[in-house]
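Containing TSV, C-alpha atoms: run_24.tsv.
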```tsv
chain	number	residue	atom	x	y	z
T	29	MET	CA	89.08	73.22	98.77
T	30	GLU	CA	92.27	74.58	97.20
T	31	THR	CA	93.09	78.22	97.93
T	32	ARG	CA	93.14	80.46	94.90
T	33	HIS	CA	96.11	82.77	95.18
T	34	ILE	CA	95.87	86.35	94.02
T	35	TYR	CA	98.94	88.09	92.63
T	36	PRO	CA	100.24	90.42	95.40
T	37	PHE	CA	99.49	94.14	95.04
T	38	THR	CA	102.97	95.09	96.24
T	39	ALA	CA	104.61	92.78	93.66
T	40	ILE	CA	103.20	94.75	90.70
T	41	VAL	CA	106.19	96.34	88.93
T	42	GLY	CA	105.96	100.11	88.36
T	43	GLN	CA	102.53	101.69	87.67
T	44	GLU	CA	102.98	103.75	90.86
T	45	ASN	CA	100.30	106.31	89.91
T	46	MET	CA	97.73	103.59	89.33
T	47	LYS	CA	98.51	101.96	92.69
T	48	LEU	CA	98.38	105.35	94.43
T	49	GLY	CA	95.06	106.29	92.76
T	50	LEU	CA	93.48	103.04	93.98
T	51	ILE	CA	94.85	103.38	97.52
T	52	LEU	CA	93.68	107.01	97.85
T	53	ASN	CA	90.12	106.00	96.92
T	54	ILE	CA	90.16	103.24	99.55
T	55	ILE	CA	91.33	105.73	102.21
T	56	ASN	CA	88.87	108.40	101.09
T	57	PRO	CA	85.84	107.10	99.13
T	58	THR	CA	84.57	110.69	98.65
T	59	LEU	CA	87.22	111.11	95.94
T	60	SER	CA	84.59	109.64	93.54
T	61	GLY	CA	86.60	106.86	92.00
T	62	VAL	CA	89.52	106.46	89.65
T	63	LEU	CA	89.57	106.08	85.88
T	64	ILE	CA	92.49	104.02	84.57
T	65	ARG	CA	93.21	104.80	80.91
T	66	GLY	CA	95.65	102.53	79.18
T	67	GLU	CA	96.50	99.84	76.71
T	68	LYS	CA	95.66	96.18	77.30
T	69	GLY	CA	97.91	94.00	79.47
T	70	THR	CA	98.98	96.73	81.91
T	71	ALA	CA	97.86	94.98	85.13
T	72	LYS	CA	94.70	97.07	85.60
T	73	SER	CA	92.37	94.31	86.83
T	74	THR	CA	95.29	92.54	88.58
T	75	ALA	CA	95.89	95.67	90.69
T	76	VAL	CA	92.22	96.05	91.66
T	77	ARG	CA	91.80	92.41	92.74
T	78	ALA	CA	95.17	92.41	94.49
T	79	LEU	CA	94.31	95.50	96.54
T	80	ALA	CA	90.92	94.07	97.60
T	81	ASP	CA	92.69	90.88	98.63
T	82	ILE	CA	95.00	92.58	101.16
T	83	LEU	CA	92.40	94.93	102.68
T	84	PRO	CA	91.15	94.11	106.22
T	85	MET	CA	88.11	91.81	106.50
T	86	ILE	CA	84.75	93.53	106.98
T	87	GLU	CA	81.78	92.51	109.14
T	88	VAL	CA	78.50	91.95	107.31
T	89	VAL	CA	75.06	90.66	108.19
T	90	LYS	CA	75.10	87.05	107.04
T	91	GLY	CA	73.28	86.51	103.75
T	92	CYS	CA	72.21	90.18	103.47
T	93	PRO	CA	71.79	91.02	99.75
T	94	PHE	CA	72.51	94.69	100.54
T	95	GLN	CA	75.85	93.99	102.31
T	96	LEU	CA	74.70	95.97	105.35
T	97	THR	CA	76.93	96.41	108.39
T	98	PRO	CA	75.66	94.87	111.63
T	99	GLY	CA	73.36	97.45	113.21
T	100	GLU	CA	72.92	99.44	109.98
T	101	GLU	CA	69.21	99.82	109.37
T	102	SER	CA	67.85	100.75	106.01
T	103	ALA	CA	64.51	101.07	104.26
T	104	VAL	CA	65.40	97.78	102.56
T	105	CYS	CA	65.04	95.89	105.84
T	106	THR	CA	61.41	94.88	105.31
T	107	ASP	CA	61.76	91.22	104.38
T	108	CYS	CA	64.20	90.19	107.11
T	109	THR	CA	63.35	89.44	110.68
T	110	ARG	CA	65.46	91.19	113.32
T	111	GLU	CA	66.79	87.77	114.24
T	112	GLU	CA	68.29	87.26	110.79
T	113	CYS	CA	70.07	90.59	111.06
T	114	THR	CA	71.99	89.52	114.14
T	115	LYS	CA	73.88	86.77	112.33
T	116	ILE	CA	77.23	88.35	111.59
T	117	THR	CA	80.03	87.10	109.43
T	118	LYS	CA	83.44	88.44	108.39
T	119	ARG	CA	84.60	88.41	104.82
T	120	LYS	CA	87.02	90.06	102.43
T	121	VAL	CA	86.20	93.27	100.60
T	122	ARG	CA	84.55	92.22	97.34
T	123	VAL	CA	85.35	93.29	93.82
T	124	VAL	CA	82.06	93.40	91.91
T	125	GLU	CA	82.46	93.52	88.13
T	126	LEU	CA	79.93	95.27	85.96
T	127	PRO	CA	79.10	92.94	83.05
T	128	VAL	CA	79.57	94.37	79.56
T	129	GLY	CA	76.24	95.59	78.24
T	130	ALA	CA	74.63	95.80	81.71
T	131	THR	CA	71.23	97.49	81.57
T	132	GLU	CA	70.12	100.20	83.99
T	133	ASP	CA	67.73	97.72	85.71
T	134	ARG	CA	70.59	95.28	86.26
T	135	VAL	CA	72.69	98.09	87.78
T	136	VAL	CA	70.20	99.82	90.09
T	137	GLY	CA	67.85	96.90	90.82
T	138	THR	CA	64.12	96.67	90.19
T	139	MET	CA	60.92	96.81	92.16
T	140	ASP	CA	58.88	93.61	92.32
T	141	MET	CA	55.63	95.22	91.16
T	142	GLU	CA	53.65	91.97	91.27
T	143	TYR	CA	54.54	91.52	94.94
T	144	ALA	CA	53.67	95.15	95.64
T	145	LEU	CA	50.24	94.79	94.06
T	146	LYS	CA	49.45	91.49	95.80
T	147	LYS	CA	50.82	92.25	99.24
T	148	GLY	CA	50.70	96.04	99.26
T	149	GLU	CA	54.38	96.06	100.27
T	150	LYS	CA	57.49	97.21	98.50
T	151	ARG	CA	60.05	94.59	97.62
T	152	ILE	CA	63.24	95.31	95.76
T	153	GLU	CA	65.27	92.97	93.60
T	154	PRO	CA	68.79	94.16	94.39
T	155	GLY	CA	71.07	95.17	91.51
T	156	ILE	CA	74.81	95.47	91.07
T	157	LEU	CA	74.99	98.64	93.21
T	158	ALA	CA	73.61	96.70	96.21
T	159	ALA	CA	76.22	93.99	95.70
T	160	ALA	CA	78.98	96.62	95.51
T	161	HIS	CA	78.11	98.38	98.81
T	162	ARG	CA	81.29	98.52	100.96
T	163	GLY	CA	83.32	96.98	98.14
T	164	ILE	CA	84.98	97.91	94.87
T	165	LEU	CA	82.91	98.28	91.71
T	166	TYR	CA	85.11	97.46	88.74
T	167	VAL	CA	83.87	98.70	85.35
T	168	ASP	CA	85.99	97.53	82.44
T	169	GLU	CA	85.76	99.54	79.22
T	170	VAL	CA	83.61	102.22	80.82
T	171	ASN	CA	83.78	104.22	77.56
T	172	LEU	CA	81.72	101.53	75.82
T	173	LEU	CA	78.88	101.69	78.38
T	174	ASP	CA	75.66	103.54	77.77
T	175	ASP	CA	76.14	107.18	78.97
T	176	HIS	CA	73.03	106.93	81.13
T	177	VAL	CA	74.37	103.87	83.00
T	178	VAL	CA	77.70	105.66	83.58
T	179	ASP	CA	75.74	108.63	84.98
T	180	VAL	CA	73.90	106.36	87.43
T	181	LEU	CA	77.20	104.78	88.59
T	182	LEU	CA	78.86	108.15	89.08
T	183	ASP	CA	75.84	109.52	90.98
T	184	SER	CA	75.88	106.58	93.38
T	185	ALA	CA	79.65	106.82	93.82
T	186	ALA	CA	79.31	110.50	94.73
T	187	MET	CA	76.19	110.23	96.93
T	188	GLY	CA	76.76	106.84	98.58
T	189	VAL	CA	73.13	105.83	97.99
T	190	ASN	CA	71.13	104.25	95.20
T	191	THR	CA	67.52	105.11	94.44
T	192	VAL	CA	65.14	102.80	92.60
T	193	GLU	CA	62.01	104.44	91.23
T	194	ARG	CA	59.13	102.57	89.61
T	195	GLU	CA	55.51	103.59	89.03
T	196	GLY	CA	55.74	106.47	91.49
T	197	VAL	CA	57.25	104.28	94.23
T	198	SER	CA	60.80	105.07	95.24
T	199	PHE	CA	63.24	103.17	97.33
T	200	THR	CA	66.79	103.93	98.48
T	201	HIS	CA	69.58	101.82	99.93
T	202	PRO	CA	73.21	102.53	100.86
T	203	ALA	CA	75.68	102.12	97.99
T	204	ARG	CA	79.10	103.27	99.18
T	205	PHE	CA	81.78	101.76	97.02
T	206	THR	CA	85.09	102.54	95.39
T	207	LEU	CA	84.46	103.03	91.68
T	208	VAL	CA	87.24	101.89	89.36
T	209	GLY	CA	86.70	102.42	85.65
T	210	THR	CA	89.12	101.30	82.96
T	211	MET	CA	89.25	102.17	79.29
T	212	ASN	CA	91.47	101.80	76.27
T	213	PRO	CA	91.63	105.30	74.70
T	214	GLU	CA	92.10	103.73	71.25
T	215	GLU	CA	88.48	102.57	71.46
T	216	GLY	CA	87.07	106.08	71.91
T	217	GLU	CA	87.02	108.67	74.67
T	218	LEU	CA	84.51	109.32	77.42
T	219	ARG	CA	82.46	112.50	77.10
T	220	PRO	CA	84.17	115.40	79.00
T	221	GLN	CA	81.13	115.67	81.32
T	222	LEU	CA	81.62	112.05	82.40
T	223	LEU	CA	85.43	112.31	82.52
T	224	ASP	CA	85.14	115.23	84.94
T	225	ARG	CA	82.99	113.20	87.33
T	226	PHE	CA	85.76	110.67	88.01
T	227	GLY	CA	87.79	112.04	90.92
T	228	LEU	CA	91.15	110.75	89.76
T	229	CYS	CA	92.45	109.64	86.39
T	230	VAL	CA	95.61	107.68	85.65
T	231	ASN	CA	97.18	107.17	82.24
T	232	ILE	CA	99.22	103.99	82.11
T	233	GLU	CA	101.27	102.31	79.45
T	234	GLY	CA	103.47	99.25	79.17
T	235	ILE	CA	106.87	99.68	80.84
T	236	ARG	CA	109.53	100.88	78.43
T	237	GLU	CA	112.70	99.85	80.38
T	238	SER	CA	113.88	96.33	79.57
T	239	ASP	CA	115.14	95.54	83.10
T	240	GLN	CA	111.69	96.31	84.53
T	241	ARG	CA	110.03	94.25	81.78
T	242	VAL	CA	112.29	91.34	82.72
T	243	GLU	CA	111.26	91.86	86.37
T	244	VAL	CA	107.59	91.60	85.30
T	245	MET	CA	108.28	88.31	83.50
T	246	GLU	CA	110.31	86.82	86.36
T	247	ARG	CA	107.76	87.65	89.04
T	248	ARG	CA	104.86	86.41	86.91
T	249	ALA	CA	106.70	83.16	86.08
T	250	LEU	CA	107.42	82.56	89.79
T	251	PHE	CA	103.75	83.27	90.63
T	252	ASP	CA	102.53	80.78	87.99
T	253	GLU	CA	104.95	78.08	89.16
T	254	ASN	CA	104.83	78.66	92.90
T	255	PRO	CA	102.21	81.20	94.03
T	256	GLU	CA	102.82	80.48	97.74
T	257	ALA	CA	106.48	81.44	97.43
T	258	LEU	CA	105.77	84.74	95.68
T	259	CYS	CA	102.93	85.66	98.07
T	260	ALA	CA	105.10	84.82	101.10
T	261	LYS	CA	107.93	86.95	99.74
T	262	TRP	CA	105.68	90.02	99.44
T	263	GLU	CA	103.66	89.41	102.62
T	264	PRO	CA	105.69	91.86	104.81
T	265	GLU	CA	105.28	94.63	102.17
T	266	SER	CA	101.54	93.91	101.96
T	267	LYS	CA	101.15	94.11	105.75
T	268	LYS	CA	103.02	97.41	105.79
T	269	ILE	CA	100.79	98.99	103.14
T	270	VAL	CA	97.59	97.80	104.88
T	271	GLU	CA	98.76	99.33	108.18
T	272	GLN	CA	99.54	102.55	106.31
T	273	ILE	CA	96.02	102.56	104.78
T	274	GLU	CA	94.34	101.86	108.14
T	275	SER	CA	96.23	104.61	109.96
T	276	ALA	CA	95.57	107.04	107.05
T	277	ILE	CA	91.80	106.41	107.36
T	278	LYS	CA	91.99	107.40	111.05
T	279	LEU	CA	94.31	110.36	110.41
T	280	TYR	CA	92.49	111.92	107.42
T	281	PRO	CA	89.86	113.89	109.44
T	282	ASP	CA	92.68	115.66	111.35
T	283	VAL	CA	94.72	116.72	108.29
T	284	THR	CA	94.97	120.50	107.86
T	285	ILE	CA	96.19	122.68	105.01
T	286	ASP	CA	97.72	126.12	105.14
T	287	ARG	CA	95.61	128.77	103.40
T	288	ALA	CA	98.56	129.80	101.20
T	289	LEU	CA	98.53	126.30	99.73
T	290	LEU	CA	94.86	126.70	98.77
T	291	PHE	CA	96.00	129.58	96.55
T	292	GLU	CA	98.59	127.21	95.07
T	293	ILE	CA	95.79	124.75	94.17
T	294	ALA	CA	93.66	127.56	92.70
T	295	SER	CA	96.57	128.77	90.56
T	296	PHE	CA	97.29	125.24	89.33
T	297	CYS	CA	93.66	124.90	88.22
T	298	LEU	CA	93.58	128.36	86.62
T	299	ASP	CA	96.86	127.74	84.77
T	300	VAL	CA	95.66	124.55	83.11
T	301	GLY	CA	92.21	125.95	82.30
T	302	VAL	CA	89.96	123.68	84.36
T	303	ASP	CA	86.22	124.30	84.04
T	304	GLY	CA	84.18	124.67	87.24
T	305	HIS	CA	85.40	124.03	90.78
T	306	ARG	CA	85.37	120.25	91.00
T	307	GLY	CA	89.07	120.12	90.06
T	308	ASP	CA	90.04	122.46	92.90
T	309	ILE	CA	87.95	120.61	95.49
T	310	ILE	CA	89.15	117.10	94.50
T	311	THR	CA	92.78	118.33	94.38
T	312	LEU	CA	92.36	119.58	97.95
T	313	LYS	CA	90.80	116.27	99.11
T	314	ALA	CA	93.44	114.22	97.28
T	315	ALA	CA	96.32	116.30	98.73
T	316	LYS	CA	94.93	115.77	102.26
T	317	THR	CA	94.54	112.04	101.57
T	318	ILE	CA	98.15	111.81	100.30
T	319	ALA	CA	99.34	113.62	103.47
T	320	ALA	CA	97.39	111.10	105.62
T	321	PHE	CA	98.83	108.19	103.62
T	322	ASN	CA	102.30	109.56	104.36
T	323	GLY	CA	101.42	109.83	108.06
T	324	ARG	CA	101.31	113.65	108.21
T	325	GLU	CA	98.68	115.94	109.70
T	326	GLN	CA	99.76	118.88	107.55
T	327	VAL	CA	99.60	119.12	103.75
T	328	ILE	CA	102.90	120.08	102.08
T	329	ARG	CA	103.52	121.37	98.55
T	330	ASP	CA	104.63	117.90	97.35
T	331	ASP	CA	101.19	116.53	98.26
T	332	ILE	CA	99.57	119.13	96.01
T	333	ASN	CA	101.90	118.32	93.11
T	334	ALA	CA	101.17	114.59	93.49
T	335	ALA	CA	97.42	115.26	93.76
T	336	ALA	CA	97.37	117.57	90.72
T	337	GLU	CA	98.97	114.85	88.61
T	338	LEU	CA	96.01	112.55	89.36
T	339	VAL	CA	93.20	115.10	89.45
T	340	LEU	CA	93.81	117.64	86.69
T	341	PRO	CA	94.97	115.94	83.47
T	342	HIS	CA	91.51	114.73	82.43
T	343	ARG	CA	89.94	118.07	83.32
T	344	VAL	CA	92.09	120.26	81.09
T	345	ARG	CA	90.13	122.16	78.47
T	346	ARG	CA	91.17	120.41	75.25
T	347	GLN	CA	91.18	121.27	71.60
T	348	PRO	CA	89.19	118.82	69.45
T	349	PHE	CA	91.16	115.59	68.76
T	350	GLN	CA	93.73	116.43	71.39
T	351	ASP	CA	94.66	113.42	73.51
T	352	VAL	CA	94.23	113.40	77.28
T	353	ALA	CA	97.58	111.66	77.84
T	354	VAL	CA	99.55	114.19	75.78
T	355	ASP	CA	98.12	116.96	77.92
T	356	VAL	CA	99.19	115.25	81.10
T	357	LYS	CA	102.86	115.46	80.24
T	358	SER	CA	102.81	119.04	79.00
T	359	LEU	CA	100.57	120.07	81.88
T	360	MET	CA	102.62	118.57	84.67
T	361	HIS	CA	106.04	119.52	83.30
T	362	GLY	CA	104.93	122.76	81.75
T	363	HIS	CA	103.50	124.23	84.96
T	364	ASP	CA	105.92	126.91	86.13
T	365	HIS	CA	106.16	126.37	89.87
T	366	SER	CA	107.76	129.74	90.41
T	367	HIS	CA	104.56	131.19	88.95
T	368	ALA	CA	102.50	129.32	91.56
T	369	HIS	CA	104.93	130.38	94.27
T	370	LYS	CA	104.57	133.96	93.11
T	371	HIS	CA	100.78	133.59	93.50
T	372	ALA	CA	101.17	132.08	96.94
T	373	HIS	CA	103.71	134.68	98.10
T	374	ALA	CA	101.58	137.52	96.79
T	375	HIS	CA	98.63	136.12	98.75
T	376	ASP	CA	100.78	135.54	101.84
T	377	HIS	CA	101.85	139.14	101.58
T	378	ALA	CA	98.27	140.31	101.10
T	379	GLY	CA	97.20	138.11	103.98
T	380	SER	CA	99.70	139.75	106.32
T	381	HIS	CA	98.16	143.15	105.56
T	382	HIS	CA	94.72	141.89	106.59
T	383	GLN	CA	96.05	140.79	109.93
```
Could you express the structure from this file as structure tokens?
Amino acid sequence: METRHIYPFTAIVGQENMKLGLILNIINPTLSGVLIRGEKGTAKSTAVRALADILPMIEVVKGCPFQLTPGEESAVCTDCTREECTKITKRKVRVVELPVGATEDRVVGTMDMEYALKKGEKRIEPGILAAAHRGILYVDEVNLLDDHVVDVLLDSAAMGVNTVEREGVSFTHPARFTLVGTMNPEEGELRPQLLDRFGLCVNIEGIRESDQRVEVMERRALFDENPEALCAKWEPESKKIVEQIESAIKLYPDVTIDRALLFEIASFCLDVGVDGHRGDIITLKAAKTIAAFNGREQVIRDDINAAAELVLPHRVRRQPFQDVAVDVKSLMHGHDHSHAHKHAHAHDHAGSHHQ
């Protein structure tokens, strides 16, 4: 069987924020996914598949429709014998795509009511969320999905479980996945309530520098003609990034942040007019994840700036008809850092009085 080559993640030209947003969600799934907003032909799906391709293999129970880890017991384990659950196989992290027009039943799964009535036992027909457990759930054109389906996806991404309820019978199974949504803003925006639920948001556009555009063409042409050669060329870079991701996953629980920097995050969020506290909390998590990715146990101010650029743009309180992307630029460049420093220093000063 011929091997199908996947374009290497590290060979994607530019789009650094998109690559970073994806990596951070792999390191820390509690970031609640990433929304990639941008025009067509900007390597969105290429990046997602390419990242899944280089991630370390995972162990799964062979043939398990719920993608359970060996030894992971769940309420869904009614049909299998214990013997079946000891057959273990290794495979790559999967990218599960949500089909356009998917119904809620298709997403969450359904209860086999006929079986329940006949046998008096619950049996679930797994949905897309079961298939996505421990993988990446890729939702193209998320803005065209039914709001209710988007809600269900975001709930599962945040909680790590999926609940199926039918006729008073309910059923849960693990559904921990990295949620990646894409949308073309020209086709309509997502409601602010749904936008806010995505942890990170990246605005991408086609590259404007001609030398980089030429680089895109050359690499793509080489990949089409000789995929082995291009993959081999980028193999060392891919290995390096995977090692960085693996060590960041281990390091993340030990990352600490100075209290003065929490005031910096709060002032960032206040300055740009973010509603609620989700922005502050995700900025904190993202800054810690960026520190871990850079191999540090301590968050620095640069981590917060990088995190804010991914976490806050889509949470800014907007005027009607104002574009999310326009805000990003004015927000990130318009934020007066000395103002934030003033906040932080004032709090440092206040803090010293308390001690």
Can you check which parts of range 232-331 of chain T lie within 9 Å of range 44-51 of chain T? Per residue, the shortest pair of atoms and distance in Å to one decimal, counting only C-alpha atoms, sorted by chain and number, as CSV.
```
residue,atom,partner,partner_atom,distance
T:Ile232,CA,T:Met46,CA,7.4
T:Ile273,CA,T:Ile51,CA,7.4
T:Ile318,CA,T:Leu48,CA,8.7
T:Phe321,CA,T:Ile51,CA,8.7
```
Would you save the residues from that selection as a PDB file, in the coordinates of the input, using C-alpha atoms?
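What landed in out-v1.pdb:
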```pdb
ATOM      1  CA  ILE T 232      99.220 103.990  82.110  1.00  0.00           C
ATOM      2  CA  ILE T 273      96.020 102.560 104.780  1.00  0.00           C
ATOM      3  CA  ILE T 318      98.150 111.810 100.300  1.00  0.00           C
ATOM      4  CA  PHE T 321      98.830 108.190 103.620  1.00  0.00           C
TER       5      PHE T 321
END
```
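The smallest atom-to-atom distance between Ile40 in chain T and any of T:His201, T:Lys72, T:Arg151, T:Arg287, using only C-alpha atoms, is found for T:Lys72.
Across the structure, CA of Thr74 in chain T and CA of Gln272 in chain T are spaced 20.8 Å apart.
Of the listed residues T:Ala158, T:Asn171, T:Lys267, T:Ile54, the one whose atoms come nearest to Glu214 in chain T is T:Asn171, with distances taken using all atoms listed in the file.
Across the structure, CA of Val192 in chain T and CA of Arg134 in chain T are spaced 11.2 Å apart.
Nearest to Ala315 in chain T of all the residues T:Arg122, T:Lys261, T:Arg241, T:Arg329 is T:Arg329, based on all atoms listed in the file.
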Let me have the centre and edge lengths in Å, one decimal, of the box along x, y and z around every listed atom of range 83-93 of chain T with 3 Å of margin on each side, as AutoDock Vina command-line options.
```
--center_x 82.1 --center_y 90.7 --center_z 104.4 --size_x 26.6 --size_y 14.4 --size_z 15.4
```
